[in-house]
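Take a look at the structure set out below.
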Amino acid sequence: MSRSPPTIVNEFVKNALICYEECMVSSLVKDFGFSSCSEMLLPSSNEELRTLLSVCVYKNIQFPNRMFNDFLKVMFSNREEKNELLEALVISYKDIHIPKFSQPIHLLWGGEDIIFKPEVAHKIKERLGNNATIEIIKKAGHMVNVERPCIYNRCLKKFLSSVMIDQRK
């Protein structure tokens with residue numbers, strides 16, 4: 001019996017937004033001193049970039065200013081285009097529909113994620129149904145694959161190998 005290939009979901013924004021209410025997003029943005037999501041996601045100064053990183057990671061990462069300057073030049077050079085893309089992504093939370101997936105879905109989530117808290121991951125898992133599993137990685141924030149790459153990769157390999165075993169049966 002052939003099954004569809006596995007779907008791996010890690011902070012899959014569209015589904016995460018379903019469980020994340022608009023008031024929570026605006027509260028998070030304001031808590032960190034930004035006036036809008038685009039201001040937070042498109043930093044223009046070293047200090048704004050440091051704040052954005054502090055939101056995304058569990059442990060404070062120390063980088064020299066020169067590195068932040070280079071990062072800002074490379075990653076945020078096309079500000080107007082990126083801002084237009086962000087504005088185009090704004091959708092009504094009521095209009096989102098999650099399809100039923102036949103393949104296994106595995107959510108890998110940072111246990112200390114303050115953007116999409118673990119409770120959001122559990123709500124997404126509930127909405128995805130019985131084919132979904134979840135694994136919370138401790139001491140990791142929103143960028144779990146960057147902060148805990150070894151654990152992240154181990155979890156990913158374990159999931160993929162379990163799917164491969166199921167397909168052989």
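In the structure tokens, the first chain shown is A, the next is B, and so on; residue numbers restart at 1 for each chain, and ligands run from 1 in the order shown.
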
Q: Apply DSSP to the backbone of this structure and, from stretch 13-169 of chain A, keep only the residues in alpha helix (DSSP H); write these as a ChimeraX atom specification.
A: /A:13-19,22-31,37-41,46-56,65-75,79-88,118-128,144-147,149-168

Q) If you count only C-alpha atoms, which residues fall within 12 Å of stretch 141-148 of chain A, apart from same-chain ones fewer than 5 positions away, as a count of residues only? A) 33

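With atom CA of A:Ser77 on one side and atom CA of A:Glu47 on the other, the separation reads 16.8 Å.
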
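The spacing separating atom CA of A:Met75 from atom CA of A:Ser26 amounts to 23.8 Å.
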
Q: Just give me the gap between atom CA of A:Pro104 and atom CA of A:Asn131 in Å, one decimal is fine.
A: 4.8 Å
